[in-house]
Amino acid sequence: MTADNAYLEIVNPANSSVLATVPITSAEEVAEHARDAAAVFDSGVWSGLAPRERAAALYALADLMERDASLLARLDSEDAGKPITECLEGDIPGAIESIRYFAECADKLYGAVAPAPGSVLAFTQREPFGVVAAILPWNYPLAMAAWKIGPALAAGNCLILKPADATPRSALHVASLAVEAGIPEGVLRVLPGTGPVTGAALASDPIIGALSFTGSTATGRAVLRAAADSNLKRVSLEMGGKSPQIVFADGLSFGDTLIDGLITAAFMTQGQNCTAGSRVLVHESIHDELVARFAQAASALRVGDPSDPATQVGPIINAGAADRIMAAVHAAVDAGAVVAAGGAEVAVEGGGRYIAPTILTDIAEGDPILTIELFGPVTIVQKFSTREEAIEMANAIEYGLAASVYTKNIDDALATARGVQAGVVSVGNYSEGDLTSPFGGWKQSGFGGVEKSLRAFEQWTREKAIWIELQG
Ligand code: NAD
């Protein structure tokens with residue numbers, strides 16, 4: 001049982017008010033949930049349905065999420081400090097679309113027939129693991145949950161999902177909607193809690209067959225270690241990044257598309273975004289003009305209360321994160337960096353910690369800000385003179401999540417898209433692609449599987465080869 005004091009307070013980053021109190025799911029409770037989930041899986045109430053029937057239930061879930069979209073948007077906005085407009089127009093519609101996309105895939109997952117001798121029928125099929133788990137970050141609470149819930153459930157698994165410590169409320173609501181949609185009780189379990197208690201118990205649980213983790217690279221390592229030390233569950237890691245936005249000499253010809261792309265990349269969700277375009281690599285010939293236009297647009301962004309529909313930049317998730325981000329900015333400036341925009345905190349009525357959209361240039365060589373994931377509204381700008389140099393700079397860090405390339409020269413565009421070590425590269429815009437496009441990191445940004453597209457099912461299913469010798 002949960003000890004009396006084992007509760008988490010969910011705090012609104014905009015004003016420090018306590019929004020809710022949720023229990024921290026203990027290690028014993030995690031083990032019990034895993035055992036119960038295995039029994040639900042084995043009963044066949046979900047895994048034994050025709051894929052089309054699972055699709056129907058997931059469509060019903062998506063419809064209920066649509067019915068409650070404004071509530072879900074408010075929960076994510078309050079818990080994570082995300083601007084409400086971003087949640088209403090981006091996160092929540094995206095989450096609903098994800099559930100529908102994966103529902104639609106449920107009966108479209110084919111195996112293959114092997115070219116075996118004529119006396120044999122050999123084929124492969126993908127099967128669910130049984131009990132699977134997902135561990136989530138706080139920056140896109142429901143959007144990330146939907147990327148996991150959709151394919152895990154469509155494939156017939158029972159899913160145990162641990163939302164981030166700070167942002168459990170939208171996922172808890174969706175768990176209740178799942179039951180309302182006709183998904184049998186116990187198929188989707190949302191267990192709030194902390195990383196060291198609830199998350200660690202999931203990572204080392206002996207029943208869970210696969211675990212999909214999204215969060216920081218440091219935690220990803222711990223999850224992988226725990227999986228190795230327990231039942232060698234299949235682990236998929238989606239982790240941090242510092243994604244380069246590479247602007248060639250002709251980049252300004254993209255006009256507002258370029259500036260809007262750089263702004264979104266750098267400052268959406270206050271830059272607390274795994275694919276944040278927190279490094280702009282720009283051809284030296286347009287450096288000054290680009291910085292001037294980028295800085296002007298950044299300074300025009302509206303920083304404020306995330307519940308105000310006009311707000312574009314809300315508070316940082318908590319005081320510790322704001323301190324860490326500002327310390328890195330101050331250290332870079334002390335070492336010679338030039339502040340082209342922002343560089344300071346902004347006071348907003350209510351009491352949260354807000355940082356003005358910040359652009360730094362002329363960073364000193366070796367400054368940690370060149371390579372660390374700051375996870376805040378801070379972007380650095382660096383110059384390059386040749387395509388080769390741009391690619392080398394892009395690849396000179398441990399991350400490889402995403403990149404964008406701005407040029408209309410097909411040779412530069414393709415050579416750079418091919419040369420950059422990243423799981424997703426957008427050309428002429430800032431994008432992770434839609435649901436049809438796989439998403440996953442390279443290097444220390446990702447490992448073991450991708451999100452979105454039919455390929456997402458590889459995380460949640462295992463392949464079996466069946467070999468039948470025909471008798472006559
Ligand atoms: P985090 O690593 O601190 O936490 C992520 C989750 O792991 C939380 O639910 C946390 O409770 C849990 N956790 C912590 N310690 C654990 C442990 N020892 N064992 C098991 N679980 C544990 O990350 P965060 O601050 O919530 O999220 C920000 C990070 O997530 C950034 O690095 C960001 O780039 C990354 N992110 C990546 C993607 C992607 O798709 N690649 C998407 C969103 C966020």
# chains A, B, ... in the order shown; residues from 1 in each chain; ligands from 1
>>> residues_around(residues="region 364-366 of chain A", least_positions_apart="5", cutoff="9 Å", atoms="only C-alpha atoms", output="VMD selection string")
chain A and resid 332 to 333 335 to 337 371
>>> write_last_selection(atoms="all heavy atoms", output="PDB file, in the first residue's frame")
ATOM      1  N   ALA A 332      27.800  31.887 -20.219  1.00  0.00           N
ATOM      2  CA  ALA A 332      28.185  32.103 -21.619  1.00  0.00           C
ATOM      3  C   ALA A 332      28.461  33.584 -21.870  1.00  0.00           C
ATOM      4  O   ALA A 332      29.423  33.947 -22.554  1.00  0.00           O
ATOM      5  CB  ALA A 332      27.080  31.592 -22.549  1.00  0.00           C
ATOM      6  N   VAL A 333      27.608  34.437 -21.302  1.00  0.00           N
ATOM      7  CA  VAL A 333      27.793  35.885 -21.503  1.00  0.00           C
ATOM      8  C   VAL A 333      29.077  36.342 -20.806  1.00  0.00           C
ATOM      9  O   VAL A 333      29.867  37.116 -21.369  1.00  0.00           O
ATOM     10  CB  VAL A 333      26.547  36.653 -20.994  1.00  0.00           C
ATOM     11  CG1 VAL A 333      26.807  38.160 -20.982  1.00  0.00           C
ATOM     12  CG2 VAL A 333      25.332  36.317 -21.873  1.00  0.00           C
ATOM     13  N   ALA A 335      31.630  34.699 -20.524  1.00  0.00           N
ATOM     14  CA  ALA A 335      32.765  34.216 -21.326  1.00  0.00           C
ATOM     15  C   ALA A 335      32.821  34.911 -22.685  1.00  0.00           C
ATOM     16  O   ALA A 335      33.630  34.540 -23.536  1.00  0.00           O
ATOM     17  CB  ALA A 335      32.659  32.703 -21.504  1.00  0.00           C
ATOM     18  N   GLY A 336      31.930  35.861 -22.931  1.00  0.00           N
ATOM     19  CA  GLY A 336      32.051  36.663 -24.151  1.00  0.00           C
ATOM     20  C   GLY A 336      30.871  36.590 -25.113  1.00  0.00           C
ATOM     21  O   GLY A 336      30.861  37.296 -26.125  1.00  0.00           O
ATOM     22  N   ALA A 337      29.868  35.755 -24.841  1.00  0.00           N
ATOM     23  CA  ALA A 337      28.726  35.662 -25.762  1.00  0.00           C
ATOM     24  C   ALA A 337      27.980  36.994 -25.815  1.00  0.00           C
ATOM     25  O   ALA A 337      27.921  37.720 -24.818  1.00  0.00           O
ATOM     26  CB  ALA A 337      27.791  34.538 -25.330  1.00  0.00           C
ATOM     27  N   THR A 371      26.992  22.641 -26.498  1.00  0.00           N
ATOM     28  CA  THR A 371      26.738  21.195 -26.634  1.00  0.00           C
ATOM     29  C   THR A 371      25.654  20.644 -25.710  1.00  0.00           C
ATOM     30  O   THR A 371      25.070  19.610 -26.020  1.00  0.00           O
ATOM     31  CB  THR A 371      28.038  20.399 -26.354  1.00  0.00           C
ATOM     32  OG1 THR A 371      28.574  20.851 -25.123  1.00  0.00           O
ATOM     33  CG2 THR A 371      29.047  20.582 -27.472  1.00  0.00           C
TER      34      THR A 371
END
>>> select_by_dssp(residues="region 104-182 of chain A", states="strand (DSSP E)", output="ChimeraX atom specification")
/A:112-113,120-128,131-135,158-162
>>> closest_residue(among="A:Val22, A:Met239, A:Ala106, A:Ala394", to="Leu172 (chain A)", atoms="only C-alpha atoms")
A:Val22
>>> residues_near_ligand(ligand="ligand 1", cutoff="6 Å", atoms="only C-alpha atoms and all ligand atoms", output="count of residues only")
25
>>> atom_distance(atom1="CA of Ala6 (chain A)", atom2="CA of Gly193 (chain A)")
9.0 Å
>>> select_by_dssp(residues="region 12-245 of chain A", states="helix (DSSP H, G or I)", output="ChimeraX atom specification")
/A:27-43,51-67,69-80,84-105,141-154,169-180,195-203,217-229
>>> residues_around(residues="Glu469 (chain A)", least_positions_apart="5", cutoff="9 Å", atoms="only C-alpha atoms", output="PyMOL selection string")
chain A and resi 119-122
>>> closest_atom_pairs(of="region 139-165 of chain A", to="region 455-461 of chain A", cutoff="9 Å", atoms="only C-alpha atoms", output="CSV")
residue,atom,partner,partner_atom,distance
A:Trp147,CA,A:Ala456,CA,8.5
A:Lys148,CA,A:Ala456,CA,8.7
A:Pro151,CA,A:Phe457,CA,5.8
A:Ala152,CA,A:Trp460,CA,5.4
A:Leu153,CA,A:Trp460,CA,8.7
A:Ala154,CA,A:Phe457,CA,8.9
A:Ala155,CA,A:Thr461,CA,6.9
A:Gly156,CA,A:Thr461,CA,8.9
A:Asn157,CA,A:Trp460,CA,7.7
>>> residues_around(residues="Ala422 (chain A)", least_positions_apart="3", cutoff="8 Å", atoms="only C-alpha atoms", output="PyMOL selection string")
chain A and resi 399-403+425+441-443
>>> residues_around(residues="Leu252 (chain A)", least_positions_apart="5", cutoff="8 Å", atoms="only C-alpha atoms", output="list in words")
Leu258, Ile286 and Leu290 of chain A
>>> decode(residues="region 147-160 of chain A", atoms="all heavy atoms", output="PDB file, in the first residue's frame")
ATOM      1  N   TRP A 147       1.171   8.743 -28.472  1.00  0.00           N
ATOM      2  CA  TRP A 147       2.090   8.001 -29.350  1.00  0.00           C
ATOM      3  C   TRP A 147       2.342   6.583 -28.820  1.00  0.00           C
ATOM      4  O   TRP A 147       2.705   5.684 -29.570  1.00  0.00           O
ATOM      5  CB  TRP A 147       3.440   8.723 -29.434  1.00  0.00           C
ATOM      6  CG  TRP A 147       3.474   9.886 -30.391  1.00  0.00           C
ATOM      7  CD1 TRP A 147       2.433  10.411 -31.099  1.00  0.00           C
ATOM      8  CD2 TRP A 147       4.635  10.663 -30.732  1.00  0.00           C
ATOM      9  NE1 TRP A 147       2.879  11.469 -31.850  1.00  0.00           N
ATOM     10  CE2 TRP A 147       4.218  11.639 -31.653  1.00  0.00           C
ATOM     11  CE3 TRP A 147       5.973  10.615 -30.352  1.00  0.00           C
ATOM     12  CZ2 TRP A 147       5.111  12.578 -32.204  1.00  0.00           C
ATOM     13  CZ3 TRP A 147       6.860  11.545 -30.892  1.00  0.00           C
ATOM     14  CH2 TRP A 147       6.430  12.515 -31.808  1.00  0.00           C
ATOM     15  N   LYS A 148       2.196   6.401 -27.511  1.00  0.00           N
ATOM     16  CA  LYS A 148       2.426   5.070 -26.922  1.00  0.00           C
ATOM     17  C   LYS A 148       1.118   4.284 -26.828  1.00  0.00           C
ATOM     18  O   LYS A 148       1.067   3.101 -27.170  1.00  0.00           O
ATOM     19  CB  LYS A 148       3.021   5.200 -25.508  1.00  0.00           C
ATOM     20  CG  LYS A 148       4.073   6.272 -25.321  1.00  0.00           C
ATOM     21  CD  LYS A 148       5.466   5.817 -25.653  1.00  0.00           C
ATOM     22  CE  LYS A 148       6.493   6.875 -25.272  1.00  0.00           C
ATOM     23  NZ  LYS A 148       7.799   6.674 -25.876  1.00  0.00           N
ATOM     24  N   ILE A 149       0.059   4.956 -26.328  1.00  0.00           N
ATOM     25  CA  ILE A 149      -1.209   4.250 -26.112  1.00  0.00           C
ATOM     26  C   ILE A 149      -1.716   3.672 -27.433  1.00  0.00           C
ATOM     27  O   ILE A 149      -2.150   2.507 -27.490  1.00  0.00           O
ATOM     28  CB  ILE A 149      -2.274   5.214 -25.522  1.00  0.00           C
ATOM     29  CG1 ILE A 149      -1.890   5.641 -24.101  1.00  0.00           C
ATOM     30  CG2 ILE A 149      -3.668   4.570 -25.528  1.00  0.00           C
ATOM     31  CD1 ILE A 149      -2.764   6.779 -23.539  1.00  0.00           C
ATOM     32  N   GLY A 150      -1.652   4.469 -28.503  1.00  0.00           N
ATOM     33  CA  GLY A 150      -2.230   4.045 -29.784  1.00  0.00           C
ATOM     34  C   GLY A 150      -1.683   2.711 -30.261  1.00  0.00           C
ATOM     35  O   GLY A 150      -2.423   1.709 -30.343  1.00  0.00           O
ATOM     36  N   PRO A 151      -0.378   2.624 -30.558  1.00  0.00           N
ATOM     37  CA  PRO A 151       0.129   1.361 -31.103  1.00  0.00           C
ATOM     38  C   PRO A 151       0.181   0.230 -30.073  1.00  0.00           C
ATOM     39  O   PRO A 151      -0.032  -0.938 -30.424  1.00  0.00           O
ATOM     40  CB  PRO A 151       1.539   1.716 -31.603  1.00  0.00           C
ATOM     41  CG  PRO A 151       1.917   2.950 -30.862  1.00  0.00           C
ATOM     42  CD  PRO A 151       0.642   3.689 -30.574  1.00  0.00           C
ATOM     43  N   ALA A 152       0.449   0.556 -28.797  1.00  0.00           N
ATOM     44  CA  ALA A 152       0.533  -0.507 -27.789  1.00  0.00           C
ATOM     45  C   ALA A 152      -0.808  -1.224 -27.680  1.00  0.00           C
ATOM     46  O   ALA A 152      -0.872  -2.468 -27.654  1.00  0.00           O
ATOM     47  CB  ALA A 152       0.939   0.074 -26.437  1.00  0.00           C
ATOM     48  N   LEU A 153      -1.894  -0.457 -27.638  1.00  0.00           N
ATOM     49  CA  LEU A 153      -3.220  -1.065 -27.476  1.00  0.00           C
ATOM     50  C   LEU A 153      -3.729  -1.651 -28.797  1.00  0.00           C
ATOM     51  O   LEU A 153      -4.346  -2.729 -28.802  1.00  0.00           O
ATOM     52  CB  LEU A 153      -4.217  -0.034 -26.916  1.00  0.00           C
ATOM     53  CG  LEU A 153      -4.426  -0.085 -25.396  1.00  0.00           C
ATOM     54  CD1 LEU A 153      -3.135  -0.055 -24.624  1.00  0.00           C
ATOM     55  CD2 LEU A 153      -5.364   1.019 -24.933  1.00  0.00           C
ATOM     56  N   ALA A 154      -3.483  -0.952 -29.895  1.00  0.00           N
ATOM     57  CA  ALA A 154      -3.957  -1.475 -31.186  1.00  0.00           C
ATOM     58  C   ALA A 154      -3.376  -2.864 -31.434  1.00  0.00           C
ATOM     59  O   ALA A 154      -4.031  -3.740 -32.002  1.00  0.00           O
ATOM     60  CB  ALA A 154      -3.572  -0.531 -32.325  1.00  0.00           C
ATOM     61  N   ALA A 155      -2.139  -3.084 -30.966  1.00  0.00           N
ATOM     62  CA  ALA A 155      -1.479  -4.381 -31.185  1.00  0.00           C
ATOM     63  C   ALA A 155      -1.986  -5.456 -30.225  1.00  0.00           C
ATOM     64  O   ALA A 155      -1.620  -6.620 -30.358  1.00  0.00           O
ATOM     65  CB  ALA A 155       0.035  -4.220 -31.025  1.00  0.00           C
ATOM     66  N   GLY A 156      -2.788  -5.069 -29.216  1.00  0.00           N
ATOM     67  CA  GLY A 156      -3.374  -6.067 -28.317  1.00  0.00           C
ATOM     68  C   GLY A 156      -2.723  -6.185 -26.961  1.00  0.00           C
ATOM     69  O   GLY A 156      -3.112  -7.029 -26.153  1.00  0.00           O
ATOM     70  N   ASN A 157      -1.728  -5.329 -26.689  1.00  0.00           N
ATOM     71  CA  ASN A 157      -1.070  -5.389 -25.374  1.00  0.00           C
ATOM     72  C   ASN A 157      -1.939  -4.791 -24.277  1.00  0.00           C
ATOM     73  O   ASN A 157      -2.893  -4.045 -24.543  1.00  0.00           O
ATOM     74  CB  ASN A 157       0.213  -4.537 -25.402  1.00  0.00           C
ATOM     75  CG  ASN A 157       1.259  -5.074 -26.336  1.00  0.00           C
ATOM     76  OD1 ASN A 157       1.863  -6.099 -26.063  1.00  0.00           O
ATOM     77  ND2 ASN A 157       1.472  -4.393 -27.461  1.00  0.00           N
ATOM     78  N   CYS A 158      -1.565  -5.034 -23.021  1.00  0.00           N
ATOM     79  CA  CYS A 158      -2.029  -4.254 -21.880  1.00  0.00           C
ATOM     80  C   CYS A 158      -0.892  -3.292 -21.539  1.00  0.00           C
ATOM     81  O   CYS A 158       0.268  -3.720 -21.418  1.00  0.00           O
ATOM     82  CB  CYS A 158      -2.312  -5.145 -20.677  1.00  0.00           C
ATOM     83  SG  CYS A 158      -3.774  -6.172 -20.917  1.00  0.00           S
ATOM     84  N   LEU A 159      -1.213  -2.009 -21.401  1.00  0.00           N
ATOM     85  CA  LEU A 159      -0.182  -0.980 -21.232  1.00  0.00           C
ATOM     86  C   LEU A 159      -0.236  -0.366 -19.835  1.00  0.00           C
ATOM     87  O   LEU A 159      -1.300   0.042 -19.373  1.00  0.00           O
ATOM     88  CB  LEU A 159      -0.385   0.128 -22.279  1.00  0.00           C
ATOM     89  CG  LEU A 159       0.510   1.366 -22.147  1.00  0.00           C
ATOM     90  CD1 LEU A 159       1.987   1.026 -22.413  1.00  0.00           C
ATOM     91  CD2 LEU A 159       0.053   2.475 -23.100  1.00  0.00           C
ATOM     92  N   ILE A 160       0.932  -0.302 -19.206  1.00  0.00           N
ATOM     93  CA  ILE A 160       1.074   0.451 -17.953  1.00  0.00           C
ATOM     94  C   ILE A 160       1.857   1.715 -18.280  1.00  0.00           C
ATOM     95  O   ILE A 160       2.988   1.633 -18.773  1.00  0.00           O
ATOM     96  CB  ILE A 160       1.826  -0.353 -16.876  1.00  0.00           C
ATOM     97  CG1 ILE A 160       1.132  -1.698 -16.627  1.00  0.00           C
ATOM     98  CG2 ILE A 160       1.927   0.448 -15.595  1.00  0.00           C
ATOM     99  CD1 ILE A 160       1.828  -2.572 -15.598  1.00  0.00           C
TER     100      ILE A 160
END
